[in-house]
Amino acid sequence: MKKLCLKVTAVEQLSPLVKRFRFEDPTGATLPVFSGGAHLTVEMPEGDTIRRNSYSLISDPYDGSAYEIAVRREDRGRGGSLYMHTKVSEGDDITVSLPSNLFQLDLRARKHVLIGGGIGITPFLSQLRQLDMEQKPYELHYAARSREEAAGIKLLPQAAHIHVHISEEGSRMDLGAILDGQPLGTHVYTCGPDGLITAVADQTARLGWPKAAVHSEAFTAPPPGEPFDVVVKSSGKTVHVKADQSLLEALEAAKVDIDYSCRGGACGRCHTKVTACDGRILHNDHWLSDDERAAQQDIMPCMSRFKGTRLELDL
Amino acid sequence: MPKTEFSPSIDSRPTYAGLVSQGAAPAIMVADEAGAAALFDLAASDASVMDHAHVVLVGCDAAALGDVKPVALHEAPDFDAATPLVTQLLNTARMGTQIYLAGSEGLIGHVSALAFAAGMPVDEIQMEHRGSIARRMQCVHCKGITEDVTTDPFTCAHCGLTLFVRDHFSRRLGVFQGVCVDAETPGVVPEVVEIQA
Ligand code: FES
C-alpha cells in the first residue's frame, strides 16, 4: 500500500473532545486530490505495534496543499484517538495512506440530502465543498447534543441550506419533515450513530424511496474487548490478540500477510475465511450479511473479535 | 393481448417483469393502446393503485381504460406530444412516486429514459411489455434514432447504413443499438428477417 510521509502543520481544539489536524508534504509538494467523502488511514506507532485508524478527510477535495481530519477522543476506545489527542503535535512527522473513498456522492442525483450526527459530520465537510464546486443542489442537516460538543459548527459555512439541530436547545432533528416531499431524484447520505442510520433507512422505506438512493457510512474504530487467541492455518502459529488490539493489528504485528483498506468494517478488503471455530465470532463489521454472520465461516479481522476455545483462519 | 415473453438474451438486455401494485402511492403511469390493458389488469388486482395515479395514454383514447379512474388522465397522440407532459409530471414528482410503464419496447425505452434523467433508478421502474415488439434503434454511427424497427437488418432512417439489430441497450437513451452490418464486406448483407420476441 502506497504511503505518504507528511508533517503535522496545525492542531486545533474544536470542542472539548474534538481536534482538527492538518498534514502537509514536508517539501511543499502538492498532494493527490480526492473526492468528497474520502478517508485517510493514519499510522500511530506505539512500542512494537503500529495502530492504524481511518478518518474522513474534512478539507477541500480539490486543494492539494494539505489534508485535514477531525478526531474525536474516545476514552474507552483502543487508544487510537487518544494517541492522536495526546501524542501528536505541530511539527511531528506522520505517515498516512493515500485517500480512498467508500462514501462517494452519486452524481446522477438531482439533489443531495446530507445527514450527519455528532462526529459523523466529518465526511460531509469535504462533500459539501465538492457539491458547491459542481453547483449541485443539496441540503445538510447536522445534529448534535449540545452547542459545546458540536465541533462541526466551526467548520460549516453559514448558508440557508445548512441546518444545525441542537437537541439540548430543543431543536431535535425531525427526519420525517426532512425526507418527506423531497423531489424525485434526491439521494440521502447519513453518517453517525447506528441508530441514526437505521432511522433514516426506516423513514425512507416508509416513504417508498428506492434503496439505491439511500447511502450511509458507519465505519468506526474497532472496539476493544477481551483478549483471545487465533491460529493461522498455513503456519500453525498461534497469535494472541490483546484487549486493546484489533485482530487485524495482532496479525500484522505477528507478520501475517493480510490485506486491508478502511480498517472499519466497510470495504471488504480484509475478508478472511474461518477454517475452524469453536466458540462465537463477535461480528462488528458492516460488510457480512446476516446469514454469513450466523454461519461463522467468515470474519472481518479489522473489526471483529472472538470468544471461545479455538478460532483458525485461512491465512 | 397478454404480457410478452421474450426469449433469453444477454444479461444486459432489458426485461420487463410485469406491473405489480405498490399500493396507493403517488404514481405516474404511461401506456400505449396495448399497454392500457396492463393498467386495466393492474387496477383490477388492486384498485387503490389508482388513488394517486396520473395516467398518460399515448396514441389511444381513454376508453382503453374502461371504468378505471385515476386521479388524472391525460391523452397524447404520440411520443412527441407526450414527452413534455411526462417530463412535467416527473419534474414535479416527489421521492416515493412509483412509475409504471406498459406497452411496446419503444414506449418503455422512451419513457424510462425520461424517468432515468429525472433521477429514477431504472430497476425501480415497473415495466410490462404488451403488443408490438418493434424496437427503437439508435444508429451507433450517425446517432440517429429510428422508431418502430421490425426487421433485422434494417436501414437507418438518418444515414442510410444497413444496421444489424443488437440486444445491447442504452438505459440513458432508452434505445437498442444498431451496428453497420456490412462494414467489413460492403454490400454483403444477410437476409432480412422479422425481429422475434
Ligand atoms: S479493512 Fe475494510 S472491511 Fe476490514
# chains A, B, ... in the order shown; residues from 1 in each chain; ligands from 1
call {"tool": "residues_around", "arguments": {"residues": "range 241-251 of chain A", "least_positions_apart": "5", "cutoff": "7 Å", "atoms": "only C-alpha atoms", "output": "list in words"}}
result
Arg51, Arg78, Pro222, Pro224, Gly225, Glu226, Pro227, Phe228, Asp229, Val256, Pro301, Cys302, Met303 and Arg305 of chain A
call {"tool": "residues_near_ligand", "arguments": {"ligand": "ligand 1", "cutoff": "8 Å", "atoms": "only C-alpha atoms and all ligand atoms", "output": "ChimeraX atom specification"}}
result
/A:259-271,285-287,300-303
call {"tool": "closest_residue", "arguments": {"among": "B:Ala38, B:Ala62, B:Val175, B:Leu163", "to": "Ile145 in chain B", "atoms": "only C-alpha atoms"}}
result
B:Val175
call {"tool": "select_by_dssp", "arguments": {"residues": "range 44-203 of chain A", "states": "strand (DSSP E or B)", "output": "ChimeraX atom specification"}}
result
/A:44-46,49-57,67-72,93-97,100,111-117,138-144,162-166,183,186-191
call {"tool": "residues_around", "arguments": {"residues": "Arg52 in chain A", "least_positions_apart": "2", "cutoff": "7 Å", "atoms": "only C-alpha atoms", "output": "list in words"}}
result
Thr41, Val42, Glu43, Met44, Ile50 and Ser54 of chain A
call {"tool": "write_last_selection", "arguments": {"atoms": "C-alpha atoms", "output": "PDB file, in the first residue's frame"}}
result
ATOM      1  CA  THR A  41      -5.615   5.796   7.278  1.00  0.00           C
ATOM      2  CA  VAL A  42      -3.213   7.262   9.837  1.00  0.00           C
ATOM      3  CA  GLU A  43      -0.342   5.234  11.280  1.00  0.00           C
ATOM      4  CA  MET A  44       0.237   5.501  15.016  1.00  0.00           C
ATOM      5  CA  ILE A  50       1.536   0.184  14.638  1.00  0.00           C
ATOM      6  CA  SER A  54      -9.159   5.674   9.293  1.00  0.00           C
TER       7      SER A  54
END
call {"tool": "residues_around", "arguments": {"residues": "range 105-119 of chain A", "least_positions_apart": "5", "cutoff": "7 Å", "atoms": "only C-alpha atoms", "output": "list in words"}}
result
Arg72, Phe124, Lys136, Pro137, Tyr138, Glu139, Leu140, His141, Tyr142, Ala143, Ala144, Ala150, Gly185, Thr186, His187, Val188, Tyr189, Thr190, Cys191, Gly192 and Pro193 of chain A; Gly119 of chain B
call {"tool": "interface_residues", "arguments": {"of": "chain B", "to": "chain A", "cutoff": "6 Å", "atoms": "only C-alpha atoms", "output": "VMD selection string"}}
result
chain B and resid 93 to 96 118 to 120
call {"tool": "select_by_dssp", "arguments": {"residues": "range 47-77 of chain B", "states": "helix (DSSP H, G or I)", "output": "ChimeraX atom specification"}}
result
/B:47-50,62-65
call {"tool": "write_last_selection", "arguments": {"atoms": "all heavy atoms", "output": "compact mmCIF listing (two decimals), in the first residue's frame"}}
result
# COMPACT_ATOMS: atom_id res chain seq x y z
N ALA B 47 -57.32 -1.90 -6.67
CA ALA B 47 -57.94 -0.65 -7.12
C ALA B 47 -57.24 0.58 -6.51
O ALA B 47 -57.20 1.64 -7.13
CB ALA B 47 -59.42 -0.64 -6.76
N SER B 48 -56.63 0.43 -5.32
CA SER B 48 -56.03 1.59 -4.63
C SER B 48 -54.84 2.16 -5.39
O SER B 48 -54.42 3.29 -5.16
CB SER B 48 -55.61 1.21 -3.22
OG SER B 48 -54.39 0.49 -3.23
N VAL B 49 -54.26 1.37 -6.31
CA VAL B 49 -53.09 1.82 -7.05
C VAL B 49 -53.41 3.07 -7.88
O VAL B 49 -52.52 3.84 -8.25
CB VAL B 49 -52.53 0.67 -7.93
CG1 VAL B 49 -53.42 0.42 -9.15
CG2 VAL B 49 -51.10 0.93 -8.36
N MET B 50 -54.71 3.28 -8.18
CA MET B 50 -55.11 4.43 -8.99
C MET B 50 -55.42 5.67 -8.14
O MET B 50 -55.63 6.76 -8.69
CB MET B 50 -56.35 4.10 -9.84
CG MET B 50 -56.07 3.06 -10.92
SD MET B 50 -54.96 3.72 -12.19
CE MET B 50 -54.43 2.23 -13.03
N ALA B 62 -59.20 7.37 -23.93
CA ALA B 62 -59.48 6.97 -22.55
C ALA B 62 -60.34 5.72 -22.45
O ALA B 62 -60.29 5.00 -21.45
CB ALA B 62 -60.15 8.13 -21.81
N ALA B 63 -61.08 5.42 -23.51
CA ALA B 63 -61.95 4.25 -23.48
C ALA B 63 -61.14 2.98 -23.23
O ALA B 63 -61.65 2.01 -22.65
CB ALA B 63 -62.70 4.15 -24.80
N ALA B 64 -59.84 3.00 -23.63
CA ALA B 64 -58.99 1.82 -23.45
C ALA B 64 -58.88 1.41 -21.98
O ALA B 64 -58.56 0.27 -21.67
CB ALA B 64 -57.60 2.10 -24.02
N LEU B 65 -59.13 2.37 -21.06
CA LEU B 65 -59.02 2.06 -19.63
C LEU B 65 -60.32 1.59 -19.01
O LEU B 65 -60.36 1.25 -17.83
CB LEU B 65 -58.52 3.30 -18.87
CG LEU B 65 -57.02 3.52 -18.80
CD1 LEU B 65 -56.72 4.66 -17.84
CD2 LEU B 65 -56.28 2.27 -18.36
call {"tool": "residues_around", "arguments": {"residues": "range 30-33 of chain B", "least_positions_apart": "2", "cutoff": "6 Å", "atoms": "only C-alpha atoms", "output": "MDAnalysis selection string"}}
result
chainID B and resid 35:36 55:58 60 101:103
call {"tool": "atom_distance", "arguments": {"atom1": "CA of Ser289 in chain A", "atom2": "CA of Ile258 in chain A"}}
result
21.5 Å
call {"tool": "residues_around", "arguments": {"residues": "Leu125 in chain A", "least_positions_apart": "4", "cutoff": "10 Å", "atoms": "only C-alpha atoms", "output": "PyMOL selection string"}}
result
chain A and resi 36-37+56-61+69+116+120-121+129-130+140+152+155-157
call {"tool": "write_last_selection", "arguments": {"atoms": "N, CA, C and O atoms", "output": "PDB file, in the first residue's frame"}}
result
ATOM      1  N   GLY A  36     -15.175  13.931  -2.463  1.00  0.00           N
ATOM      2  CA  GLY A  36     -15.905  14.164  -1.215  1.00  0.00           C
ATOM      3  C   GLY A  36     -16.314  12.860  -0.558  1.00  0.00           C
ATOM      4  O   GLY A  36     -16.877  11.987  -1.216  1.00  0.00           O
ATOM      5  N   GLY A  37     -16.040  12.740   0.760  1.00  0.00           N
ATOM      6  CA  GLY A  37     -16.399  11.524   1.486  1.00  0.00           C
ATOM      7  C   GLY A  37     -15.214  10.580   1.676  1.00  0.00           C
ATOM      8  O   GLY A  37     -15.346   9.551   2.336  1.00  0.00           O
ATOM      9  N   SER A  56     -12.196  10.406   8.131  1.00  0.00           N
ATOM     10  CA  SER A  56     -12.687  11.127   6.957  1.00  0.00           C
ATOM     11  C   SER A  56     -11.882  12.402   6.758  1.00  0.00           C
ATOM     12  O   SER A  56     -11.551  13.091   7.720  1.00  0.00           O
ATOM     13  N   LEU A  57     -11.612  12.722   5.508  1.00  0.00           N
ATOM     14  CA  LEU A  57     -10.961  13.997   5.191  1.00  0.00           C
ATOM     15  C   LEU A  57     -12.001  15.105   5.278  1.00  0.00           C
ATOM     16  O   LEU A  57     -13.128  14.948   4.807  1.00  0.00           O
ATOM     17  N   ILE A  58     -11.622  16.218   5.900  1.00  0.00           N
ATOM     18  CA  ILE A  58     -12.595  17.308   6.049  1.00  0.00           C
ATOM     19  C   ILE A  58     -12.199  18.529   5.224  1.00  0.00           C
ATOM     20  O   ILE A  58     -12.904  19.527   5.199  1.00  0.00           O
ATOM     21  N   SER A  59     -11.053  18.436   4.542  1.00  0.00           N
ATOM     22  CA  SER A  59     -10.596  19.612   3.787  1.00  0.00           C
ATOM     23  C   SER A  59     -11.176  19.605   2.373  1.00  0.00           C
ATOM     24  O   SER A  59     -11.885  18.684   1.986  1.00  0.00           O
ATOM     25  N   ASP A  60     -10.830  20.630   1.625  1.00  0.00           N
ATOM     26  CA  ASP A  60     -11.335  20.790   0.269  1.00  0.00           C
ATOM     27  C   ASP A  60     -10.733  19.710  -0.634  1.00  0.00           C
ATOM     28  O   ASP A  60      -9.513  19.624  -0.758  1.00  0.00           O
ATOM     29  N   PRO A  61     -11.582  18.876  -1.269  1.00  0.00           N
ATOM     30  CA  PRO A  61     -11.053  17.783  -2.087  1.00  0.00           C
ATOM     31  C   PRO A  61     -10.154  18.254  -3.226  1.00  0.00           C
ATOM     32  O   PRO A  61      -9.315  17.503  -3.701  1.00  0.00           O
ATOM     33  N   ILE A  69      -8.059  16.317   8.949  1.00  0.00           N
ATOM     34  CA  ILE A  69      -9.011  15.391   9.558  1.00  0.00           C
ATOM     35  C   ILE A  69      -9.460  15.969  10.899  1.00  0.00           C
ATOM     36  O   ILE A  69      -8.815  16.877  11.438  1.00  0.00           O
ATOM     37  N   GLY A 116     -25.756  14.323   9.130  1.00  0.00           N
ATOM     38  CA  GLY A 116     -24.639  13.936   9.980  1.00  0.00           C
ATOM     39  C   GLY A 116     -25.022  14.027  11.440  1.00  0.00           C
ATOM     40  O   GLY A 116     -25.598  15.022  11.875  1.00  0.00           O
ATOM     41  N   GLY A 120     -20.063  12.235  13.022  1.00  0.00           N
ATOM     42  CA  GLY A 120     -20.461  11.798  11.681  1.00  0.00           C
ATOM     43  C   GLY A 120     -20.617  12.940  10.690  1.00  0.00           C
ATOM     44  O   GLY A 120     -20.883  12.711   9.516  1.00  0.00           O
ATOM     45  N   ILE A 121     -20.410  14.153  11.125  1.00  0.00           N
ATOM     46  CA  ILE A 121     -20.440  15.298  10.209  1.00  0.00           C
ATOM     47  C   ILE A 121     -19.204  15.287   9.294  1.00  0.00           C
ATOM     48  O   ILE A 121     -19.223  15.876   8.202  1.00  0.00           O
ATOM     49  N   ARG A 129     -18.049  20.732  -0.123  1.00  0.00           N
ATOM     50  CA  ARG A 129     -17.185  21.546  -0.991  1.00  0.00           C
ATOM     51  C   ARG A 129     -17.273  21.064  -2.429  1.00  0.00           C
ATOM     52  O   ARG A 129     -17.278  21.851  -3.363  1.00  0.00           O
ATOM     53  N   GLN A 130     -17.346  19.731  -2.592  1.00  0.00           N
ATOM     54  CA  GLN A 130     -17.490  19.190  -3.944  1.00  0.00           C
ATOM     55  C   GLN A 130     -18.836  19.610  -4.553  1.00  0.00           C
ATOM     56  O   GLN A 130     -18.919  19.992  -5.717  1.00  0.00           O
ATOM     57  N   LEU A 140     -27.895  20.206   4.024  1.00  0.00           N
ATOM     58  CA  LEU A 140     -27.158  19.451   5.018  1.00  0.00           C
ATOM     59  C   LEU A 140     -27.820  19.644   6.377  1.00  0.00           C
ATOM     60  O   LEU A 140     -28.214  20.763   6.734  1.00  0.00           O
ATOM     61  N   GLY A 152     -18.539  20.459  14.676  1.00  0.00           N
ATOM     62  CA  GLY A 152     -18.749  20.755  13.262  1.00  0.00           C
ATOM     63  C   GLY A 152     -19.160  22.186  12.983  1.00  0.00           C
ATOM     64  O   GLY A 152     -18.918  22.696  11.889  1.00  0.00           O
ATOM     65  N   LEU A 155     -16.719  24.392  11.462  1.00  0.00           N
ATOM     66  CA  LEU A 155     -16.207  24.022  10.142  1.00  0.00           C
ATOM     67  C   LEU A 155     -17.251  24.191   9.046  1.00  0.00           C
ATOM     68  O   LEU A 155     -16.950  24.041   7.874  1.00  0.00           O
ATOM     69  N   LEU A 156     -18.483  24.470   9.451  1.00  0.00           N
ATOM     70  CA  LEU A 156     -19.555  24.581   8.463  1.00  0.00           C
ATOM     71  C   LEU A 156     -19.747  26.023   8.021  1.00  0.00           C
ATOM     72  O   LEU A 156     -19.752  26.926   8.855  1.00  0.00           O
ATOM     73  N   PRO A 157     -19.924  26.230   6.713  1.00  0.00           N
ATOM     74  CA  PRO A 157     -20.250  27.579   6.273  1.00  0.00           C
ATOM     75  C   PRO A 157     -21.659  27.947   6.740  1.00  0.00           C
ATOM     76  O   PRO A 157     -22.467  27.068   7.022  1.00  0.00           O
TER      77      PRO A 157
END
